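Colleague: Take this structure, written in structure tokens, and hold onto it; I'll ask about it next.
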Amino acid sequence: MSDRIPMTRDGYSKIKAELEYLEQTEMPKVTARVAAARDEGDLSENAEYHGARETQGMLQAKINQLKDKLGRASIIDTSKLPKDQVAFGATVVVKDLDIDDEETFTLVGAGEEDYDQGKIMVTSPIGQGLVGAKIGDKVKISVPKGVINFEILEIRYDG
């Protein structure tokens, strides 16, 4: 898999907005909590200080993760992708051949995934297994729980 992270302009903007919020709003609050707790004296038994430092560390890790995603972002123009096969941005209706059930997936990039809405990362095992398939194709996709067998019923590009 490539080092680049495919995403739309909207996905990039969503991640950038979250990063700005964390850096400009949340981090100053946590830094103030650390400073206030430090002023209470003995740090060795100061639970408030240690809790604030732990929160600060987790927040910094999240900020670093978002910066990494943005740094490796590859903005994809979905209007230039082939419309007769599954690609980034496609909404795909599949039939699960093992349980005879239909499912719908939209292949999205970082920052846009919403598993409850069927929006899955194009880089996920299912996303990668669907890419390049055409209507009528049967695909076998290896996932952590085993192998899924899908038949491609419909491919559409909604936006």
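Residue names in the structure tokens use chain letters A, B, ... in the order shown, residue numbers from 1 in each chain, and ligand numbers from 1 in the order shown.
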Show me, as a tab-separated table (two decimals) with C-alpha atoms, in the first residue's frame, the residues that have an atom within 7 Å of region 11-25 of chain A when counting only C-alpha atoms, minus same-chain residues fewer than 3 positions from it.

Modeller:
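This is the output file part-v1.tsv:
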chain	number	residue	atom	x	y	z
A	7	MET	CA	-9.01	11.84	0.28
A	8	THR	CA	-11.35	14.37	-1.23
A	28	PRO	CA	-4.47	25.83	25.53
A	29	LYS	CA	-7.16	24.57	27.97
A	63	ILE	CA	-2.57	16.31	16.84
A	66	LEU	CA	-3.80	14.44	12.13
A	70	LEU	CA	-2.58	15.89	6.17
A	109	GLY	CA	-10.72	8.72	2.10
A	110	ALA	CA	-9.38	9.66	5.50
A	111	GLY	CA	-11.64	11.91	7.52
A	112	GLU	CA	-14.80	10.88	5.69

Colleague: Please list as a PyMOL selection string every residue within 9 Å of region 138-151 of chain A, counting only C-alpha atoms and excluding residues in the same chain fewer than 3 positions away.

Modeller: chain A and resi 93-98+125-126+128-130+133-135

Colleague: What parts of region 10-102 of chain A does DSSP call strand (DSSP E)? I'd like the answer as a list in words.

Modeller: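 Filtering region 10-102 of chain A down to strand (DSSP E) leaves Ala73, Ser74, Ile75, Thr91, Val92, Val93, Val94, Lys95, Asp96, Asp101 and Glu102 of chain A.
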
Colleague: Those selected residues, please, written with C-alpha atoms and delivered as a PDB file, in the first residue's frame.

Modeller:
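Writing the result to selection_19.pdb gives the following:
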ATOM      1  CA  ALA A  73      -2.812  13.463   1.818  1.00  0.00           C
ATOM      2  CA  SER A  74      -3.384  12.919  -1.854  1.00  0.00           C
ATOM      3  CA  ILE A  75      -6.416  14.926  -3.014  1.00  0.00           C
ATOM      4  CA  THR A  91     -20.963   3.882  -4.116  1.00  0.00           C
ATOM      5  CA  VAL A  92     -21.143   0.146  -4.671  1.00  0.00           C
ATOM      6  CA  VAL A  93     -24.110  -2.147  -4.124  1.00  0.00           C
ATOM      7  CA  VAL A  94     -22.950  -5.714  -3.591  1.00  0.00           C
ATOM      8  CA  LYS A  95     -24.618  -9.017  -2.892  1.00  0.00           C
ATOM      9  CA  ASP A  96     -22.949 -11.017  -0.142  1.00  0.00           C
ATOM     10  CA  ASP A 101     -27.830 -10.162   1.486  1.00  0.00           C
ATOM     11  CA  GLU A 102     -27.251  -6.819  -0.224  1.00  0.00           C
TER      12      GLU A 102
END

Colleague: I'd like to know which of A:Arg38, A:Asp100, A:Phe105, A:Lys80 is closest to Gly51 (chain A), using only C-alpha atoms.

Modeller: A:Arg38

Colleague: Env of region 52-57 of chain A: 10 Å cut, atoms = only C-alpha atoms, seq-sep filter 4 positions within chain, self excluded. Answer as a compact mmCIF listing (two decimals) with N, CA and C atoms, in the first residue's frame.

Modeller:
# COMPACT_ATOMS: atom_id res chain seq x y z
N GLU A 26 -8.41 23.29 22.36
CA GLU A 26 -8.24 22.27 23.39
C GLU A 26 -6.86 22.29 24.04
N MET A 27 -5.79 22.43 23.25
CA MET A 27 -4.44 22.39 23.84
C MET A 27 -4.22 23.54 24.82
N PRO A 28 -4.64 24.78 24.52
CA PRO A 28 -4.47 25.83 25.53
C PRO A 28 -5.21 25.54 26.85
N LYS A 29 -6.41 24.93 26.76
CA LYS A 29 -7.16 24.57 27.97
C LYS A 29 -6.37 23.56 28.81
N VAL A 30 -5.85 22.53 28.14
CA VAL A 30 -5.10 21.49 28.85
C VAL A 30 -3.81 22.05 29.43
N THR A 31 -3.14 22.90 28.67
CA THR A 31 -1.90 23.52 29.15
C THR A 31 -2.17 24.36 30.40
N ALA A 32 -3.29 25.05 30.41
CA ALA A 32 -3.67 25.84 31.58
C ALA A 32 -3.96 24.93 32.78
N ARG A 33 -4.60 23.80 32.54
CA ARG A 33 -4.85 22.83 33.63
C ARG A 33 -3.54 22.31 34.21
N VAL A 34 -2.57 22.01 33.33
CA VAL A 34 -1.26 21.53 33.79
C VAL A 34 -0.60 22.60 34.66
N ALA A 35 -0.61 23.84 34.20
CA ALA A 35 0.03 24.92 34.94
C ALA A 35 -0.65 25.14 36.29
N ALA A 36 -1.98 25.11 36.31
CA ALA A 36 -2.71 25.30 37.57
C ALA A 36 -2.40 24.17 38.55
N ALA A 37 -2.36 22.95 38.06
CA ALA A 37 -2.07 21.80 38.93
C ALA A 37 -0.62 21.85 39.42
N ARG A 38 0.29 22.33 38.57
CA ARG A 38 1.70 22.44 38.96
C ARG A 38 1.85 23.43 40.11
N ALA A 47 -2.42 14.20 41.86
CA ALA A 47 -3.18 13.45 40.85
C ALA A 47 -3.71 14.36 39.75
N GLU A 48 -4.09 15.57 40.11
CA GLU A 48 -4.61 16.51 39.12
C GLU A 48 -3.53 16.83 38.07
N ALA A 61 -0.65 13.48 20.85
CA ALA A 61 -0.58 12.31 19.96
C ALA A 61 -1.64 12.42 18.86
N LYS A 62 -2.86 12.85 19.22
CA LYS A 62 -3.93 13.02 18.24
C LYS A 62 -3.56 14.11 17.24
N ILE A 63 -3.00 15.22 17.72
CA ILE A 63 -2.57 16.31 16.84
C ILE A 63 -1.50 15.81 15.88

Colleague: What is the distance between CA of Arg72 (chain A) and CA of Tyr157 (chain A), in Å to one decimal?

Modeller: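 Interatomic distance here is 24.8 Å.
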
Colleague: Work out how far CA of Ile99 (chain A) is from CA of Arg156 (chain A), in Å to one decimal.

Modeller: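 Pair CA of Arg156 (chain A) / CA of Ile99 (chain A) returns 23.5 Å.
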
Colleague: Please report, as JSON, numbers by chain, each residue of region 14-152 of chain A to which DSSP assigns helix (DSSP H, G or I) when run on this structure's backbone.

Modeller: {"A": [14, 15, 16, 17, 18, 19, 20, 21, 22, 23, 24, 25, 26, 27, 28, 29, 30, 31, 32, 33, 34, 35, 36, 37, 38, 47, 48, 49, 50, 51, 52, 53, 54, 55, 56, 57, 58, 59, 60, 61, 62, 63, 64, 65, 66, 67, 68, 69, 70, 71, 78, 79, 80, 115, 116, 117, 125, 126, 127, 128, 129, 130]}

Colleague: Here is a test: counting only C-alpha atoms, which residue of A:Ser79, A:Asn46, A:Thr104, A:Gln65 is nearest to Glu154 (chain A)?

Modeller: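 Going through A:Ser79, A:Asn46, A:Thr104, A:Gln65 one by one, the smallest distance to Glu154 (chain A) is for A:Thr104.
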
Colleague: I'd like to know which of A:Asp3, A:Glu45, A:Asp10, A:Asp114 is closest to Gly71 (chain A), using only C-alpha atoms.

Modeller: A:Asp3
